[in-house]
$ cat query_38.txt   # compact mmCIF, C-alpha atoms
# COMPACT_ATOMS: atom_id res chain seq x y z
CA MET A 1 -23.71 58.71 -63.69
CA ASN A 2 -22.28 60.16 -60.47
CA LYS A 3 -21.06 57.51 -58.09
CA LEU A 4 -22.70 57.52 -54.67
CA TYR A 5 -20.37 57.18 -51.69
CA PHE A 6 -21.03 56.11 -48.11
CA GLU A 7 -20.07 59.60 -46.92
CA ASP A 8 -22.75 61.15 -49.18
CA VAL A 9 -25.65 59.73 -47.18
CA ASP A 10 -26.93 60.13 -43.66
CA MET A 11 -29.91 59.10 -41.60
CA GLY A 12 -32.90 60.86 -43.17
CA THR A 13 -31.34 61.33 -46.61
CA SER A 14 -34.08 61.02 -49.26
CA ILE A 15 -33.59 58.72 -52.22
CA PRO A 16 -34.47 60.59 -55.45
CA SER A 17 -38.04 59.53 -56.23
CA LEU A 18 -38.94 57.75 -59.47
CA ARG A 19 -42.27 57.91 -61.28
CA LYS A 20 -43.17 54.95 -63.50
CA GLY A 21 -46.12 54.28 -65.77
CA PRO A 22 -48.94 54.83 -66.43
CA ILE A 23 -49.10 51.05 -66.67
CA SER A 24 -50.67 49.82 -69.89
CA ARG A 25 -52.15 46.39 -70.59
CA THR A 26 -49.28 45.93 -73.05
CA GLN A 27 -46.73 46.43 -70.27
CA LEU A 28 -48.53 43.87 -68.09
CA VAL A 29 -48.44 41.36 -70.96
CA LYS A 30 -44.77 42.09 -71.67
CA TYR A 31 -43.90 41.63 -68.00
CA ALA A 32 -45.92 38.40 -67.78
CA GLY A 33 -43.93 36.99 -70.70
CA ALA A 34 -40.53 38.31 -69.61
CA SER A 35 -40.94 37.06 -66.02
CA ARG A 36 -42.93 33.91 -66.96
CA ASP A 37 -45.67 34.77 -64.48
CA PHE A 38 -48.75 33.70 -66.40
CA ASN A 39 -51.35 34.38 -63.73
CA PRO A 40 -54.18 35.69 -65.98
CA VAL A 41 -55.50 38.18 -63.39
CA HIS A 42 -52.85 40.60 -64.66
CA PHE A 43 -53.85 40.60 -68.35
CA ASP A 44 -57.31 39.01 -68.65
CA GLU A 45 -60.15 41.27 -67.46
CA GLU A 46 -62.50 38.35 -66.85
CA ALA A 47 -59.97 36.48 -64.71
CA ALA A 48 -59.30 39.64 -62.71
CA LYS A 49 -63.02 40.12 -62.01
CA LYS A 50 -63.44 36.47 -61.09
CA ALA A 51 -60.69 36.97 -58.50
CA GLY A 52 -62.69 39.86 -57.03
CA MET A 53 -60.71 42.73 -58.56
CA LYS A 54 -62.12 45.74 -60.46
CA SER A 55 -59.88 45.13 -63.45
CA CYS A 56 -56.39 43.96 -64.42
CA PHE A 57 -53.67 45.01 -62.02
CA ALA A 58 -49.88 45.08 -61.95
CA GLN A 59 -47.85 42.10 -60.86
CA GLY A 60 -46.39 42.77 -57.41
CA MET A 61 -42.99 41.96 -58.88
CA LEU A 62 -43.42 44.70 -61.51
CA ASN A 63 -43.92 47.25 -58.72
CA MET A 64 -40.91 45.80 -56.92
CA ALA A 65 -38.87 46.15 -60.14
CA PHE A 66 -39.74 49.87 -60.15
CA LEU A 67 -38.40 50.20 -56.59
CA GLY A 68 -35.32 48.30 -57.75
CA GLN A 69 -34.76 50.86 -60.50
CA MET A 70 -35.02 53.71 -58.00
CA LEU A 71 -32.29 52.04 -55.92
CA THR A 72 -29.95 51.21 -58.82
CA ASP A 73 -30.41 54.66 -60.43
CA TRP A 74 -29.27 56.16 -57.13
CA ALA A 75 -26.61 53.78 -55.86
CA GLY A 76 -25.55 51.68 -58.86
CA VAL A 77 -26.53 48.24 -60.12
CA ASP A 78 -24.05 46.34 -57.92
CA SER A 79 -24.89 48.10 -54.64
CA ILE A 80 -27.78 46.02 -53.31
CA LYS A 81 -27.13 43.36 -50.66
CA LYS A 82 -30.68 42.82 -49.49
CA PHE A 83 -33.97 43.97 -51.00
CA GLY A 84 -37.44 43.17 -49.71
CA ALA A 85 -41.01 44.22 -50.37
CA ARG A 86 -44.45 43.64 -48.91
CA PHE A 87 -47.31 44.04 -51.36
CA VAL A 88 -50.08 45.82 -49.47
CA ALA A 89 -52.37 47.27 -52.15
CA ILE A 90 -53.13 47.08 -55.85
CA VAL A 91 -51.96 49.18 -58.81
CA TYR A 92 -54.62 49.02 -61.50
CA GLN A 93 -53.91 49.24 -65.19
CA GLY A 94 -53.77 52.93 -66.16
CA GLU A 95 -52.28 54.04 -62.84
CA SER A 96 -48.80 55.42 -62.25
CA VAL A 97 -46.42 54.29 -59.55
CA LEU A 98 -44.36 56.73 -57.52
CA CYS A 99 -41.31 55.21 -55.81
CA LYS A 100 -39.78 56.87 -52.75
CA GLY A 101 -37.27 56.05 -50.08
CA GLU A 102 -35.23 57.27 -47.16
CA VAL A 103 -32.04 56.24 -45.37
CA LYS A 104 -32.79 54.84 -41.92
CA SER A 105 -29.28 54.05 -40.69
CA LYS A 106 -25.69 53.52 -41.79
CA ARG A 107 -22.96 51.29 -40.38
CA SER A 108 -19.59 49.80 -41.22
CA GLU A 109 -18.97 46.08 -40.75
CA GLY A 110 -15.35 45.20 -41.37
CA ASP A 111 -14.52 46.84 -44.68
CA GLU A 112 -18.18 46.90 -45.80
CA HIS A 113 -20.05 50.19 -45.61
CA LEU A 114 -23.78 49.51 -45.34
CA VAL A 115 -26.83 51.73 -45.60
CA ASP A 116 -30.30 50.57 -44.53
CA CYS A 117 -33.19 52.17 -46.38
CA GLU A 118 -36.95 52.23 -46.07
CA ILE A 119 -38.58 52.32 -49.48
CA TRP A 120 -42.17 52.45 -50.67
CA ALA A 121 -44.36 52.89 -53.73
CA GLU A 122 -47.63 54.76 -54.13
CA ASN A 123 -50.36 54.37 -56.75
CA SER A 124 -52.16 57.26 -58.51
CA ARG A 125 -54.65 57.46 -55.64
CA GLY A 126 -51.84 58.15 -53.19
CA GLU A 127 -52.19 54.77 -51.47
CA THR A 128 -49.04 52.97 -50.42
CA VAL A 129 -48.95 49.81 -52.51
CA VAL A 130 -45.54 48.42 -51.60
CA LYS A 131 -43.65 48.75 -48.32
CA GLY A 132 -40.04 47.75 -48.74
CA TRP A 133 -36.56 47.71 -47.27
CA ALA A 134 -33.07 47.51 -48.70
CA THR A 135 -29.51 47.24 -47.48
CA LEU A 136 -27.00 48.84 -49.82
CA LYS A 137 -23.25 48.43 -49.86
CA LEU A 138 -21.54 51.69 -50.82
CA PRO A 139 -17.90 52.53 -51.53
CA SER A 140 -16.09 54.81 -49.08
CA ARG A 141 -13.93 57.81 -49.98
CA ARG A 142 -11.63 57.05 -47.07
CA MET B 1 -62.54 26.54 -48.69
CA ASN B 2 -59.02 25.94 -49.90
CA LYS B 3 -57.41 23.06 -48.05
CA VAL B 4 -53.77 23.89 -47.36
CA ARG B 5 -51.59 20.86 -46.72
CA THR B 6 -49.35 21.82 -43.83
CA SER B 7 -47.43 18.55 -44.21
CA MET B 8 -45.76 20.16 -47.25
CA THR B 9 -43.57 22.29 -44.96
CA GLY B 10 -39.95 21.34 -45.65
CA LYS B 11 -40.67 19.98 -49.13
CA LYS B 12 -37.77 20.48 -51.56
CA TYR B 13 -38.57 20.52 -55.26
CA PRO B 14 -36.09 18.98 -57.70
CA PRO B 15 -33.41 21.49 -58.77
CA GLN B 16 -33.86 23.01 -62.22
CA ASN B 17 -31.22 24.52 -64.51
CA PHE B 18 -31.67 27.91 -66.12
CA GLU B 19 -29.21 29.81 -68.27
CA VAL B 20 -29.12 33.59 -67.93
CA GLU B 21 -29.62 34.77 -71.51
CA LYS B 22 -29.00 38.28 -72.86
CA GLY B 23 -32.17 38.18 -74.96
CA ARG B 24 -34.34 37.41 -71.94
CA ILE B 25 -32.65 40.16 -69.88
CA TYR B 26 -33.39 42.54 -72.78
CA ASP B 27 -37.08 41.57 -72.80
CA PHE B 28 -37.25 41.90 -69.01
CA VAL B 29 -35.71 45.39 -68.80
CA ASN B 30 -37.91 46.54 -71.68
CA ALA B 31 -40.97 45.23 -69.82
CA ILE B 32 -40.04 47.10 -66.62
CA GLU B 33 -39.03 50.12 -68.76
CA ASP B 34 -35.63 50.53 -67.12
CA PRO B 35 -33.43 52.27 -69.70
CA ASN B 36 -30.09 51.52 -67.96
CA PRO B 37 -27.61 50.52 -70.73
CA VAL B 38 -25.60 48.18 -68.44
CA TYR B 39 -28.47 45.68 -68.80
CA ARG B 40 -28.26 45.80 -72.60
CA TYR B 41 -24.77 46.51 -73.93
CA GLU B 42 -21.47 44.88 -73.08
CA GLU B 43 -19.55 48.12 -73.79
CA ALA B 44 -21.77 50.15 -71.45
CA ALA B 45 -21.32 47.58 -68.68
CA LYS B 46 -17.53 47.56 -69.16
CA ALA B 47 -17.40 51.36 -69.25
CA GLN B 48 -18.91 51.30 -65.74
CA GLY B 49 -16.39 48.76 -64.51
CA PHE B 50 -18.44 45.57 -64.79
CA GLU B 51 -17.08 42.41 -66.42
CA HIS B 52 -20.35 41.60 -68.17
CA ILE B 53 -23.91 42.70 -68.86
CA MET B 54 -25.70 43.01 -65.52
CA VAL B 55 -29.22 41.94 -64.53
CA PRO B 56 -31.69 44.12 -62.59
CA PRO B 57 -32.31 43.25 -58.91
CA THR B 58 -35.62 41.43 -59.39
CA TYR B 59 -34.38 39.42 -62.39
CA PRO B 60 -33.84 36.11 -60.52
CA ILE B 61 -37.64 35.73 -60.42
CA ALA B 62 -37.57 35.22 -64.22
CA LEU B 63 -35.41 32.11 -63.93
CA ARG B 64 -38.26 29.67 -63.98
CA GLY B 65 -39.91 27.38 -66.47
CA GLU B 66 -43.30 27.60 -68.11
CA LYS B 67 -44.58 26.30 -64.80
CA GLY B 68 -43.21 28.41 -61.95
CA ASP B 69 -42.50 27.41 -58.36
CA THR B 70 -45.76 28.91 -57.07
CA GLN B 71 -47.73 26.94 -59.63
CA MET B 72 -45.97 23.68 -58.68
CA MET B 73 -46.87 24.26 -55.04
CA LEU B 74 -50.50 25.11 -55.90
CA GLU B 75 -50.90 22.03 -58.07
CA ASP B 76 -49.56 19.88 -55.23
CA MET B 77 -52.23 21.36 -52.98
CA GLY B 78 -54.98 21.35 -55.60
CA ILE B 79 -55.55 25.11 -55.26
CA ASP B 80 -56.47 27.44 -58.12
CA MET B 81 -54.17 30.31 -59.11
CA SER B 82 -57.08 32.79 -58.68
CA GLN B 83 -57.07 32.11 -54.91
CA ILE B 84 -53.65 33.56 -54.20
CA LEU B 85 -51.86 36.86 -53.70
CA HIS B 86 -48.14 37.55 -53.66
CA GLY B 87 -47.68 38.83 -50.11
CA GLN B 88 -43.98 39.47 -49.77
CA GLN B 89 -40.68 39.02 -51.59
CA GLU B 90 -37.09 39.33 -50.47
CA PHE B 91 -33.72 38.87 -52.16
CA GLU B 92 -30.24 38.48 -50.75
CA TYR B 93 -27.40 38.93 -53.22
CA PHE B 94 -23.98 37.33 -52.90
CA LYS B 95 -22.69 37.42 -56.49
CA PRO B 96 -24.12 39.10 -59.62
CA LEU B 97 -25.84 36.79 -62.12
CA ARG B 98 -23.94 36.63 -65.38
CA PRO B 99 -25.18 36.05 -68.93
CA GLY B 100 -24.07 32.70 -70.36
CA GLU B 101 -23.87 31.05 -66.93
CA THR B 102 -26.30 28.28 -66.02
CA TYR B 103 -27.78 28.44 -62.52
CA VAL B 104 -29.25 25.64 -60.47
CA VAL B 105 -32.48 26.87 -58.92
CA GLN B 106 -34.04 24.96 -56.05
CA THR B 107 -37.31 25.70 -54.29
CA THR B 108 -38.02 24.74 -50.69
CA ILE B 109 -41.25 25.29 -48.76
CA LYS B 110 -39.94 26.83 -45.55
CA ASP B 111 -43.08 27.54 -43.55
CA ILE B 112 -46.87 27.47 -43.67
CA TYR B 113 -48.95 29.42 -41.18
CA PHE B 114 -52.48 30.82 -40.87
CA LYS B 115 -53.94 34.19 -39.92
CA GLU B 116 -57.46 35.42 -39.47
CA GLY B 117 -58.11 38.51 -41.62
CA ARG B 118 -61.10 40.68 -42.51
CA ALA B 119 -61.77 38.39 -45.45
CA GLY B 120 -61.55 35.24 -43.35
CA LYS B 121 -58.78 32.79 -42.71
CA MET B 122 -55.70 33.04 -44.90
CA ALA B 123 -52.72 30.73 -45.28
CA PHE B 124 -49.18 32.09 -45.69
CA VAL B 125 -46.80 29.83 -47.59
CA VAL B 126 -43.14 30.86 -47.35
CA MET B 127 -41.00 29.56 -50.21
CA GLU B 128 -37.26 29.93 -50.69
CA ASN B 129 -35.34 29.72 -53.95
CA SER B 130 -31.58 29.29 -54.03
CA TYR B 131 -29.60 30.21 -57.16
CA ARG B 132 -26.23 28.48 -57.46
CA ASP B 133 -23.72 28.85 -60.28
CA SER B 134 -21.82 26.01 -61.99
CA ALA B 135 -19.18 26.16 -59.21
CA ASN B 136 -22.02 25.56 -56.70
CA TYR B 137 -21.55 29.09 -55.29
CA LEU B 138 -24.73 30.53 -53.75
CA CYS B 139 -25.30 33.73 -55.77
CA VAL B 140 -28.84 34.73 -54.77
CA LEU B 141 -31.36 33.66 -52.16
CA ALA B 142 -35.00 34.63 -52.74
CA ARG B 143 -37.79 34.26 -50.21
CA LYS B 144 -41.43 34.83 -51.01
CA THR B 145 -44.70 34.61 -49.18
CA ILE B 146 -47.77 33.45 -51.07
CA ILE B 147 -51.14 34.20 -49.44
CA ILE B 148 -53.96 31.73 -50.04
CA ARG B 149 -57.44 33.12 -49.36
CA ASN B 150 -60.31 31.21 -47.71
CA ALA B 151 -57.85 28.72 -46.35
CA GLU B 152 -58.10 25.94 -43.81
CA PRO B 153 -55.35 23.60 -42.61
CA ALA B 154 -55.28 20.04 -43.87
CA GLU B 155 -52.83 17.17 -43.49

$ encode --input "query_38.txt" --output "structure tokens"
Amino acid sequence: MNKLYFEDVDMGTSIPSLRKGPISRTQLVKYAGASRDFNPVHFDEEAAKKAGMKSCFAQGMLNMAFLGQMLTDWAGVDSIKKFGARFVAIVYQGESVLCKGEVKSKRSEGDEHLVDCEIWAENSRGETVVKGWATLKLPSRR
Amino acid sequence: MNKVRTSMTGKKYPPQNFEVEKGRIYDFVNAIEDPNPVYRYEEAAKAQGFEHIMVPPTYPIALRGEKGDTQMMLEDMGIDMSQILHGQQEFEYFKPLRPGETYVVQTTIKDIYFKEGRAGKMAFVVMENSYRDSANYLCVLARKTIIIRNAEPAE
């Protein structure tokens, strides 16, 4: 993997997008077990309908994990200082998730070189499902 | 109507201990379908300059018991799981979590507020989890907002 340096990015730099899914019921069950989130709306059709949803849908944290992978694929697994997400719409079982992002600003604080990014995820219908933000700490060539 | 007890603001739940285990990391990264070998193999992690197997950024969420923090809060309020949505999540990282280390996880209810939406009144419960290692070093802070639908304030 090529290492990403502070000097490699600028305001407006796009983060390489990442497509995940399509999300199967099996993946939802695996994620429920692995994360210990046993809310049945994610794997039990009846529970999902009772909660007013069309069918089972992805855990918000699964979508956030996809955004996390986009960031770590790009900048490395030890680069993230801050990572946030607002869950604004639903990804139903069977849909794919497309993760995207862009650098908003960069700054140096002491010997830390920081990059602020806006990130988001879209479902198969092109709706934004997650709106997120991240601050990455990158090494400098200088 | 779901009665949301605003007096629970500031409540601290008893700290719980969770070990970061390689097997659970493996299950987690398989579930999110992230093929990065630094989450799976010691040699791959070392080859990239890390001292140990790493965990993916959202992994701290998995350090909970059979009954998670959200469920504890909902049981205290007498509200059903089907009434909630995960509104927002944020992590701040100070030191990577390390397999074999046991972390003390503590949940605090930071804030409860209400908003009128299209679907009626909703309550926003902001919860914070701190993750401290055996040296009491704060490694991760996680903040989440749980949205409770059809909510009204109660004592």

$ residues_around --input "query_38.txt" --residues "B:Met72" --least-positions-apart "4" --cutoff "12 Å" --atoms "all atoms listed in the file" --output "VMD selection string"
chain B and resid 8 11 to 14 64 to 68 76 to 81 107 to 109 127

$ closest_atom_pairs --input "query_38.txt" --of "stretch 7-53 of chain A" --to "stretch 67-89 of chain A" --cutoff "8 Å" --atoms "all atoms listed in the file" --output "CSV"
residue,atom,partner,partner_atom,distance
A:Ile15,CA,A:Trp74,CA,7.0
A:Pro16,CA,A:Trp74,CA,7.0
A:Ser17,CA,A:Met70,CA,6.8
A:Leu18,CA,A:Met70,CA,5.8

$ write_last_selection --input "query_38.txt" --atoms "C-alpha atoms" --output "CSV table (one decimal), in the coordinates of the input"
chain,number,residue,atom,x,y,z
A,15,ILE,CA,-33.6,58.7,-52.2
A,16,PRO,CA,-34.5,60.6,-55.4
A,17,SER,CA,-38.0,59.5,-56.2
A,18,LEU,CA,-38.9,57.8,-59.5

$ residues_around --input "query_38.txt" --residues "stretch 98-105 of chain B" --least-positions-apart "5" --cutoff "12 Å" --atoms "only C-alpha atoms" --output "mmCIF file with C-alpha atoms, keeping the file's coordinate frame"
data_model
loop_
_atom_site.group_PDB
_atom_site.id
_atom_site.type_symbol
_atom_site.label_atom_id
_atom_site.label_comp_id
_atom_site.auth_asym_id
_atom_site.auth_seq_id
_atom_site.Cartn_x
_atom_site.Cartn_y
_atom_site.Cartn_z
ATOM 1 C CA LYS B 12 -37.770 20.480 -51.560
ATOM 2 C CA TYR B 13 -38.570 20.520 -55.260
ATOM 3 C CA PRO B 14 -36.090 18.980 -57.700
ATOM 4 C CA PRO B 15 -33.410 21.490 -58.770
ATOM 5 C CA GLN B 16 -33.860 23.010 -62.220
ATOM 6 C CA ASN B 17 -31.220 24.520 -64.510
ATOM 7 C CA PHE B 18 -31.670 27.910 -66.120
ATOM 8 C CA GLU B 19 -29.210 29.810 -68.270
ATOM 9 C CA VAL B 20 -29.120 33.590 -67.930
ATOM 10 C CA GLU B 21 -29.620 34.770 -71.510
ATOM 11 C CA LYS B 22 -29.000 38.280 -72.860
ATOM 12 C CA GLY B 23 -32.170 38.180 -74.960
ATOM 13 C CA ARG B 24 -34.340 37.410 -71.940
ATOM 14 C CA ILE B 25 -32.650 40.160 -69.880
ATOM 15 C CA TYR B 26 -33.390 42.540 -72.780
ATOM 16 C CA TYR B 39 -28.470 45.680 -68.800
ATOM 17 C CA ARG B 40 -28.260 45.800 -72.600
ATOM 18 C CA TYR B 41 -24.770 46.510 -73.930
ATOM 19 C CA GLU B 42 -21.470 44.880 -73.080
ATOM 20 C CA ALA B 45 -21.320 47.580 -68.680
ATOM 21 C CA PHE B 50 -18.440 45.570 -64.790
ATOM 22 C CA GLU B 51 -17.080 42.410 -66.420
ATOM 23 C CA HIS B 52 -20.350 41.600 -68.170
ATOM 24 C CA ILE B 53 -23.910 42.700 -68.860
ATOM 25 C CA MET B 54 -25.700 43.010 -65.520
ATOM 26 C CA VAL B 55 -29.220 41.940 -64.530
ATOM 27 C CA PRO B 56 -31.690 44.120 -62.590
ATOM 28 C CA TYR B 59 -34.380 39.420 -62.390
ATOM 29 C CA PRO B 60 -33.840 36.110 -60.520
ATOM 30 C CA ILE B 61 -37.640 35.730 -60.420
ATOM 31 C CA ALA B 62 -37.570 35.220 -64.220
ATOM 32 C CA LEU B 63 -35.410 32.110 -63.930
ATOM 33 C CA ARG B 64 -38.260 29.670 -63.980
ATOM 34 C CA GLY B 65 -39.910 27.380 -66.470
ATOM 35 C CA GLY B 68 -43.210 28.410 -61.950
ATOM 36 C CA ASP B 69 -42.500 27.410 -58.360
ATOM 37 C CA GLU B 128 -37.260 29.930 -50.690
ATOM 38 C CA ASN B 129 -35.340 29.720 -53.950
ATOM 39 C CA SER B 130 -31.580 29.290 -54.030
ATOM 40 C CA TYR B 131 -29.600 30.210 -57.160
ATOM 41 C CA ARG B 132 -26.230 28.480 -57.460
ATOM 42 C CA ASP B 133 -23.720 28.850 -60.280
ATOM 43 C CA SER B 134 -21.820 26.010 -61.990
ATOM 44 C CA ALA B 135 -19.180 26.160 -59.210
ATOM 45 C CA ASN B 136 -22.020 25.560 -56.700
ATOM 46 C CA TYR B 137 -21.550 29.090 -55.290
ATOM 47 C CA LEU B 138 -24.730 30.530 -53.750
ATOM 48 C CA CYS B 139 -25.300 33.730 -55.770
ATOM 49 C CA VAL B 140 -28.840 34.730 -54.770
ATOM 50 C CA LEU B 141 -31.360 33.660 -52.160
ATOM 51 C CA ALA B 142 -35.000 34.630 -52.740
#

$ residues_around --input "query_38.txt" --residues "A:Val41" --least-positions-apart "5" --cutoff "6 Å" --atoms "only C-alpha atoms" --output "list in words"
Ala47, Ala48 and Cys56 of chain A

$ atom_distance --input "query_38.txt" --atom1 "atom CA of A:Ala58" --atom2 "atom CA of A:Phe38"
12.3 Å

$ residues_around --input "query_38.txt" --residues "A:Val115" --least-positions-apart "4" --cutoff "8 Å" --atoms "all atoms listed in the file" --output "VMD selection string"
chain A and resid 6 103 to 107 135 to 138

$ interface_residues --input "query_38.txt" --of "chain B" --to "chain A" --cutoff "7 Å" --atoms "only C-alpha atoms" --output "NGL selection string"
:B and (24 or 27-28 or 31-32 or 34 or 57-58 or 61-62 or 64 or 66 or 81-82 or 86-93)

$ atom_distance --input "query_38.txt" --atom1 "atom CA of B:Met122" --atom2 "atom CA of A:Arg125"
26.7 Å

$ closest_residue --input "query_38.txt" --among "B:Ile112, B:Ala154, B:Val4, B:Leu74" --to "B:Phe124" --atoms "only C-alpha atoms"
B:Ile112

$ residues_around --input "query_38.txt" --residues "B:Pro153" --least-positions-apart "2" --cutoff "7 Å" --atoms "all atoms listed in the file" --output "PDB file with C-alpha atoms, keeping the file's coordinate frame"
ATOM      1  CA  LYS B   3     -57.410  23.060 -48.050  1.00  0.00           C
ATOM      2  CA  VAL B   4     -53.770  23.890 -47.360  1.00  0.00           C
ATOM      3  CA  ARG B   5     -51.590  20.860 -46.720  1.00  0.00           C
ATOM      4  CA  THR B   6     -49.350  21.820 -43.830  1.00  0.00           C
ATOM      5  CA  ALA B 151     -57.850  28.720 -46.350  1.00  0.00           C
ATOM      6  CA  GLU B 155     -52.830  17.170 -43.490  1.00  0.00           C
TER       7      GLU B 155
END

$ closest_residue --input "query_38.txt" --among "B:Tyr113, B:Ile84, B:Gln48, B:Thr145" --to "A:Asn2" --atoms "all atoms listed in the file"
B:Gln48

$ axis_aligned_box --input "query_38.txt" --around "stretch 5-22 of chain B" --padding-each-side "5 Å" --output "lines of an AutoDock Vina configuration file"
center_x = -40.3
center_y = 28.4
center_z = -58.3
size_x = 32.6
size_y = 29.7
size_z = 39.0

$ atom_distance --input "query_38.txt" --atom1 "atom CA of B:Lys95" --atom2 "atom CA of B:Gln71"
27.3 Å

$ closest_residue --input "query_38.txt" --among "A:Ser96, A:Lys54, A:Glu45, A:Val9" --to "A:Pro22" --atoms "all atoms listed in the file"
A:Ser96

$ closest_residue --input "query_38.txt" --among "A:Thr128, A:Gln93, A:Asn123, A:Ser140" --to "A:Met53" --atoms "all atoms listed in the file"
A:Gln93
